[in-house]
Structure formats: C-alpha cells, structure tokens
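Source file: input12.cif; contents: mmCIF, C-alpha atoms, pLDDT in the B column; chains and numbers go by the auth columns.
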data_target
loop_
_atom_site.group_PDB
_atom_site.id
_atom_site.type_symbol
_atom_site.label_atom_id
_atom_site.label_comp_id
_atom_site.label_asym_id
_atom_site.label_seq_id
_atom_site.Cartn_x
_atom_site.Cartn_y
_atom_site.Cartn_z
_atom_site.B_iso_or_equiv
_atom_site.auth_seq_id
_atom_site.auth_asym_id
ATOM 1 C CA MET A 1 130.863 192.661 52.259 50.00 1 G
ATOM 2 C CA ALA A 2 133.102 190.083 50.568 51.00 2 G
ATOM 3 C CA SER A 3 132.437 186.470 51.367 49.00 3 G
ATOM 4 C CA LYS A 4 135.212 184.451 52.893 55.00 4 G
ATOM 5 C CA THR A 5 135.894 180.920 51.782 55.00 5 G
ATOM 6 C CA MET A 6 136.799 178.328 54.345 52.00 6 G
ATOM 7 C CA ALA A 7 139.914 176.291 53.755 51.00 7 G
ATOM 8 C CA ILE A 8 139.178 172.597 53.592 54.00 8 G
ATOM 9 C CA ASN A 9 141.877 170.323 54.943 55.00 9 G
ATOM 10 C CA ARG A 10 142.516 167.881 52.139 51.00 10 G
ATOM 11 C CA PRO A 11 145.601 165.828 51.523 53.00 11 G
ATOM 12 C CA ALA A 12 147.860 167.168 48.827 49.00 12 G
ATOM 13 C CA PRO A 13 147.231 165.476 45.496 54.00 13 G
ATOM 14 C CA PRO A 14 149.801 162.835 44.693 59.00 14 G
ATOM 15 C CA SER A 15 152.483 163.526 42.175 77.00 15 G
ATOM 16 C CA LEU A 16 151.446 161.532 39.133 78.00 16 G
ATOM 17 C CA SER A 17 155.097 160.770 38.412 83.00 17 G
ATOM 18 C CA GLU A 18 155.017 158.429 41.435 89.00 18 G
ATOM 19 C CA TYR A 19 152.338 156.254 39.801 92.00 19 G
ATOM 20 C CA LEU A 20 151.998 153.895 36.845 94.00 20 G
ATOM 21 C CA THR A 21 149.009 153.088 34.670 93.00 21 G
ATOM 22 C CA VAL A 22 147.534 149.598 34.806 94.00 22 G
ATOM 23 C CA ARG A 23 149.330 148.634 31.581 95.00 23 G
ATOM 24 C CA LYS A 24 152.746 149.882 32.761 95.00 24 G
ATOM 25 C CA ALA A 25 152.276 148.314 36.203 95.00 25 G
ATOM 26 C CA ALA A 26 151.384 144.960 34.627 95.00 26 G
ATOM 27 C CA GLN A 27 154.482 145.141 32.430 95.00 27 G
ATOM 28 C CA MET A 28 156.664 145.968 35.426 92.00 28 G
ATOM 29 C CA LEU A 29 155.324 142.990 37.394 92.00 29 G
ATOM 30 C CA GLY A 30 155.353 140.645 34.404 93.00 30 G
ATOM 31 C CA VAL A 31 151.642 139.858 34.605 94.00 31 G
ATOM 32 C CA SER A 32 148.658 140.589 32.394 96.00 32 G
ATOM 33 C CA VAL A 33 146.398 143.596 32.834 95.00 33 G
ATOM 34 C CA SER A 34 143.565 141.172 33.689 96.00 34 G
ATOM 35 C CA THR A 35 145.643 139.622 36.471 94.00 35 G
ATOM 36 C CA LEU A 36 146.367 143.040 37.923 92.00 36 G
ATOM 37 C CA ARG A 37 142.663 143.929 37.882 92.00 37 G
ATOM 38 C CA ASN A 38 141.849 140.615 39.560 93.00 38 G
ATOM 39 C CA TRP A 39 144.378 141.431 42.276 90.00 39 G
ATOM 40 C CA ASP A 40 142.554 144.752 42.749 90.00 40 G
ATOM 41 C CA ARG A 41 139.222 143.017 43.197 93.00 41 G
ATOM 42 C CA SER A 42 140.683 140.520 45.663 93.00 42 G
ATOM 43 C CA GLY A 43 142.361 143.292 47.671 90.00 43 G
ATOM 44 C CA LYS A 44 145.973 142.294 46.981 87.00 44 G
ATOM 45 C CA LEU A 45 146.661 145.715 45.471 87.00 45 G
ATOM 46 C CA LYS A 46 145.034 149.037 46.177 88.00 46 G
ATOM 47 C CA PRO A 47 145.077 151.392 43.199 91.00 47 G
ATOM 48 C CA VAL A 48 144.246 155.057 43.393 90.00 48 G
ATOM 49 C CA ARG A 49 142.147 156.727 40.750 89.00 49 G
ATOM 50 C CA HIS A 50 143.450 159.380 38.396 87.00 50 G
ATOM 51 C CA PRO A 51 141.943 162.697 39.499 84.00 51 G
ATOM 52 C CA VAL A 52 140.801 163.628 35.985 87.00 52 G
ATOM 53 C CA ASN A 53 139.840 160.436 34.168 90.00 53 G
ATOM 54 C CA GLY A 54 139.312 157.926 36.989 89.00 54 G
ATOM 55 C CA TYR A 55 141.767 155.356 35.599 90.00 55 G
ATOM 56 C CA ARG A 56 143.579 153.033 37.997 91.00 56 G
ATOM 57 C CA LEU A 57 147.030 154.162 39.053 93.00 57 G
ATOM 58 C CA TYR A 58 149.530 152.095 40.994 94.00 58 G
ATOM 59 C CA ARG A 59 152.120 153.564 43.303 93.00 59 G
ATOM 60 C CA LEU A 60 155.589 152.811 41.995 93.00 60 G
ATOM 61 C CA LYS A 61 156.970 152.125 45.488 92.00 61 G
ATOM 62 C CA GLU A 62 154.241 149.558 46.210 91.00 62 G
ATOM 63 C CA LEU A 63 155.030 147.740 42.957 92.00 63 G
ATOM 64 C CA ALA A 64 158.758 147.790 43.729 91.00 64 G
ATOM 65 C CA ASP A 65 157.991 146.323 47.180 90.00 65 G
ATOM 66 C CA ILE A 66 156.082 143.480 45.518 87.00 66 G
ATOM 67 C CA LEU A 67 159.015 142.732 43.236 88.00 67 G
ATOM 68 C CA THR A 68 161.401 142.786 46.203 88.00 68 G
ATOM 69 C CA ALA A 69 159.193 140.364 48.139 86.00 69 G
ATOM 70 C CA VAL A 70 158.964 138.036 45.147 82.00 70 G
ATOM 71 C CA ASP A 71 162.733 138.196 44.711 80.00 71 G
ATOM 72 C CA ARG A 72 163.289 137.349 48.377 79.00 72 G
ATOM 73 C CA GLY A 73 160.900 134.424 48.096 75.00 73 G
ATOM 74 C CA THR A 74 162.665 133.144 45.003 66.00 74 G
ATOM 75 C CA ARG A 75 166.047 133.348 46.694 61.00 75 G
ATOM 76 C CA SER A 76 164.661 131.563 49.787 55.00 76 G
ATOM 77 C CA ASP A 77 163.250 128.799 47.580 53.00 77 G
ATOM 78 C CA ASP A 78 166.590 128.434 45.763 51.00 78 G
ATOM 79 C CA ALA A 79 168.488 128.219 49.045 51.00 79 G
ATOM 80 C CA ALA A 80 166.114 125.563 50.387 52.00 80 G
ATOM 81 C CA ARG A 81 166.545 123.454 47.242 53.00 81 G
ATOM 82 C CA THR A 82 170.339 123.494 47.485 52.00 82 G
ATOM 83 C CA GLN A 83 170.399 122.260 51.084 55.00 83 G
#
As structure tokens, what does this structure read like?
Amino acid sequence: MASKTMAINRPAPPSLSEYLTVRKAAQMLGVSVSTLRNWDRSGKLKPVRHPVNGYRLYRLKELADILTAVDRGTRSDDAARTQ
C-alpha cells in the first residue's frame, strides 16, 4: 500500500524579485548598512530571511513606503518654514 503525504498549508514563498538585500536597501534609503541593521534590532523594519542562505531581505514596497513618508515629512517641514 502506497503511503499518502498530507498537504501542509504553508504560505507561498515570496517572489525574491520583490525584495532587496541589506546593501541595496541601505543604498535605496540613503543610509549605511549598520543603520539598517540597527533599525532591525529596534523594530523599525522587519526583514525576512532568504530561504536558502538566511540573509536579510527587505520588501521593496515597505522601503518605498518609508521614502514616501520621509518625503511627506520633508514637504510638511518646508511648508511650515515658509509660513
């Protein structure tokens, strides 16, 4: 009698094209790799780990959201200074 394997409900693995390495993410944000790692430890960013090598990966959308928030804050600061 052949054994049957049970399907385990796991989330689909993320597409790695949606993520950046720590070096690329730091370049995108204009900060050092050390700063990005410090943000990880403090909980400001939540990286995922590469399924094969365990390296930190950052979701591109999350990084873009950070840049958008920073840009909004900069524009708000500029507007306040001109009034």
- request: Enter the distance from atom CA of Arg41 of chain G to atom CA of Ala69 of chain G, in Å, rounded to one decimal.
  value: 20.7 Å
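Coordinates place atom CA of Val52 of chain G at a distance of 23.7 Å from atom CA of Met28 of chain G.
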Spatial neighbours of Arg56 of chain G, max dist 8 Å, all atoms listed in the file, sep filter under 4 positions, as a list in words: Thr21, Val22, Pro47, Val48, Arg49 and His50 of chain G
field: Residue with smallest distance to Asn38 of chain G - pool G:Ile66, G:Ala26, G:Leu60, G:Leu16, counting only C-alpha atoms
entry: G:Ala26
Could you write out as a compact mmCIF listing (two decimals) with C-alpha atoms, in the frame of the given file the residues that the PyMOL selection byres ((chain G and resi 37) around 12) matches in the shown file?
# COMPACT_ATOMS: atom_id res chain seq x y z
CA THR G 21 149.01 153.09 34.67
CA VAL G 22 147.53 149.60 34.81
CA ARG G 23 149.33 148.63 31.58
CA ALA G 25 152.28 148.31 36.20
CA ALA G 26 151.38 144.96 34.63
CA VAL G 31 151.64 139.86 34.60
CA SER G 32 148.66 140.59 32.39
CA VAL G 33 146.40 143.60 32.83
CA SER G 34 143.56 141.17 33.69
CA THR G 35 145.64 139.62 36.47
CA LEU G 36 146.37 143.04 37.92
CA ASN G 38 141.85 140.62 39.56
CA TRP G 39 144.38 141.43 42.28
CA ASP G 40 142.55 144.75 42.75
CA ARG G 41 139.22 143.02 43.20
CA SER G 42 140.68 140.52 45.66
CA GLY G 43 142.36 143.29 47.67
CA LYS G 44 145.97 142.29 46.98
CA LEU G 45 146.66 145.72 45.47
CA LYS G 46 145.03 149.04 46.18
CA PRO G 47 145.08 151.39 43.20
CA TYR G 55 141.77 155.36 35.60
CA ARG G 56 143.58 153.03 38.00
CA LEU G 57 147.03 154.16 39.05
CA TYR G 58 149.53 152.10 40.99
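Straight-line separation from atom CA of Leu20 of chain G to atom CA of Arg59 of chain G: 6.5 Å.
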